[in-house]
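J.: Handing you a structure now.
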Amino acid sequence: MFKEKTIELIEKAINEELKNAKGYGEKYSSIFEAYGVLKEEVEEMNSEVEEVKGNFAIFWNFIKKNNGEKQKEFLKMIETSAEKTALEALQVCAVCRKALDEWFYKILRSCWFSNLHCVCDAEFADSVLY
């Protein structure tokens, strides 16, 4: 279970990454572009996860061999890869939010311009966006 402060910090970090993502354009030109960007970020995140897993397996081998220096070395490598994984995960979140913001905007716009009776209150928006 994460502490409330940690969740707040993660939320701030995601929003900062969202600002960075919007620096390349406020919106994606299509859902296909959003997919491509998301695919790239997920692949980068998965690559870091694989790095953590590989280093973790090697770390275990050095535990069995009672090699303290190598244990320390691989703990540092696991930590570095885990940090990179977290950063990539923030980018995945930001890409999703950017795409959802655009998607949700289109839903509201179609509701307004087609004179449909849509119930688009804050609770609904939160449930769709987050």
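We name chains A, B, ... following the order of the structure tokens; residues begin at 1 in each chain, and ligands are numbered from 1 as shown.
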Extract, using only C-alpha atoms, all DNA, RNA and protein residues at most 8 Å from Ala82 of chain A, discarding same-chain residues fewer than 2 positions from it, and format them as a PDB file with N, CA and C atoms, in the first residue's frame.
T.:
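Listing of result-v7.pdb after writing:
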```
ATOM      1  N   GLU A  48      13.018  -2.046 -19.486  1.00  0.00           N
ATOM      2  CA  GLU A  48      13.581  -1.790 -18.158  1.00  0.00           C
ATOM      3  C   GLU A  48      13.162  -2.859 -17.161  1.00  0.00           C
ATOM      4  N   VAL A  49      11.920  -3.336 -17.262  1.00  0.00           N
ATOM      5  CA  VAL A  49      11.470  -4.418 -16.379  1.00  0.00           C
ATOM      6  C   VAL A  49      12.321  -5.662 -16.608  1.00  0.00           C
ATOM      7  N   VAL A  52      15.581  -5.273 -14.885  1.00  0.00           N
ATOM      8  CA  VAL A  52      15.440  -5.539 -13.440  1.00  0.00           C
ATOM      9  C   VAL A  52      15.427  -7.043 -13.193  1.00  0.00           C
ATOM     10  N   ILE A  78      19.974  -3.065 -10.060  1.00  0.00           N
ATOM     11  CA  ILE A  78      18.523  -3.272  -9.936  1.00  0.00           C
ATOM     12  C   ILE A  78      17.839  -1.949  -9.607  1.00  0.00           C
ATOM     13  N   GLU A  79      18.430  -1.214  -8.670  1.00  0.00           N
ATOM     14  CA  GLU A  79      17.853   0.071  -8.277  1.00  0.00           C
ATOM     15  C   GLU A  79      17.790   1.028  -9.473  1.00  0.00           C
ATOM     16  N   THR A  80      18.861   1.124 -10.224  1.00  0.00           N
ATOM     17  CA  THR A  80      18.897   2.018 -11.387  1.00  0.00           C
ATOM     18  C   THR A  80      17.841   1.629 -12.414  1.00  0.00           C
ATOM     19  N   LYS A  84      14.452   3.669 -13.701  1.00  0.00           N
ATOM     20  CA  LYS A  84      14.146   3.892 -15.115  1.00  0.00           C
ATOM     21  C   LYS A  84      12.767   3.321 -15.460  1.00  0.00           C
ATOM     22  N   THR A  85      12.431   2.175 -14.870  1.00  0.00           N
ATOM     23  CA  THR A  85      11.110   1.581 -15.079  1.00  0.00           C
ATOM     24  C   THR A  85      10.027   2.531 -14.589  1.00  0.00           C
ATOM     25  N   ALA A  86      10.228   3.099 -13.413  1.00  0.00           N
ATOM     26  CA  ALA A  86       9.245   4.030 -12.854  1.00  0.00           C
ATOM     27  C   ALA A  86       9.083   5.247 -13.761  1.00  0.00           C
TER      28      ALA A  86
END
```
J.: In Å, rounded to a single decimal, give me how far atom CA of Asn61 of chain A is from atom CA of Glu73 of chain A.
T.: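 That distance, rounded to one decimal, is 12.6 Å.
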J.: Extract, using only C-alpha atoms, all DNA, RNA and protein residues at most 12 Å from Trp60 of chain A, discarding same-chain residues fewer than 4 positions from it, and format them as a ChimeraX atom specification.
T.: /A:53-56,64-68,70-72,74-75,78
J.: Which residues come within 8 Å of segment 32-44 of chain A, counting only C-alpha atoms, excluding same-chain residues fewer than 4 positions away, as a VMD selection string?
T.: chain A and resid 28 48 88 to 89 91 to 92 95 to 96 99
J.: Could you jot down the atom CA of Ile63 of chain A to atom CA of Ser81 of chain A separation for me, Å, one decimal place?
T.: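 That distance, rounded to one decimal, is 19.3 Å.
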J.: In Å, how far is it from atom CA of Phe2 of chain A to atom CA of Leu100 of chain A?
T.: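 Result for atom CA of Phe2 of chain A versus atom CA of Leu100 of chain A: 24.8 Å, one decimal.
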J.: Counting only C-alpha atoms, what is within 12 Å of Arg97 of chain A, bar same-chain residues fewer than 2 positions away, as a PDB file with C-alpha atoms, in the first residue's frame?
T.:
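Now in result_15.pdb:
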```
ATOM      1  CA  GLU A  11       0.281  12.273  -9.535  1.00  0.00           C
ATOM      2  CA  ILE A  14       2.463  12.178 -14.186  1.00  0.00           C
ATOM      3  CA  ASN A  15       1.047  15.660 -14.712  1.00  0.00           C
ATOM      4  CA  GLU A  16       4.561  16.997 -15.337  1.00  0.00           C
ATOM      5  CA  GLU A  17       5.128  14.258 -17.933  1.00  0.00           C
ATOM      6  CA  LEU A  18       1.748  15.126 -19.465  1.00  0.00           C
ATOM      7  CA  LYS A  19       2.941  18.728 -19.879  1.00  0.00           C
ATOM      8  CA  ALA A  21       4.000  15.131 -23.827  1.00  0.00           C
ATOM      9  CA  LYS A  22       1.784  18.061 -24.800  1.00  0.00           C
ATOM     10  CA  GLU A  26      -1.635  19.385 -27.563  1.00  0.00           C
ATOM     11  CA  LYS A  27      -3.419  16.465 -29.207  1.00  0.00           C
ATOM     12  CA  TYR A  28      -2.623  13.326 -31.150  1.00  0.00           C
ATOM     13  CA  ALA A  34      -1.605   7.679 -29.784  1.00  0.00           C
ATOM     14  CA  LEU A  38       2.004   4.397 -26.302  1.00  0.00           C
ATOM     15  CA  LEU A  90       5.112   7.797 -15.743  1.00  0.00           C
ATOM     16  CA  GLN A  91       5.434   8.382 -19.479  1.00  0.00           C
ATOM     17  CA  VAL A  92       2.978   5.561 -20.180  1.00  0.00           C
ATOM     18  CA  CYS A  93       0.499   7.246 -17.820  1.00  0.00           C
ATOM     19  CA  ALA A  94       1.023  10.626 -19.473  1.00  0.00           C
ATOM     20  CA  VAL A  95       0.481   9.242 -22.977  1.00  0.00           C
ATOM     21  CA  ALA A  99      -5.116  10.351 -25.453  1.00  0.00           C
ATOM     22  CA  LEU A 100      -7.981  10.211 -22.952  1.00  0.00           C
ATOM     23  CA  ASP A 101      -8.162  14.007 -22.768  1.00  0.00           C
ATOM     24  CA  GLU A 102      -8.545  14.116 -26.540  1.00  0.00           C
ATOM     25  CA  TRP A 103     -11.031  11.236 -26.601  1.00  0.00           C
ATOM     26  CA  PHE A 104     -13.135  12.711 -23.825  1.00  0.00           C
ATOM     27  CA  TYR A 105     -13.070  16.131 -25.491  1.00  0.00           C
ATOM     28  CA  ASP A 126     -13.468  11.370 -13.428  1.00  0.00           C
ATOM     29  CA  VAL A 128     -13.749   8.042 -17.717  1.00  0.00           C
ATOM     30  CA  LEU A 129     -10.489   9.934 -17.390  1.00  0.00           C
ATOM     31  CA  TYR A 130      -9.018   8.454 -14.246  1.00  0.00           C
TER      32      TYR A 130
END
```
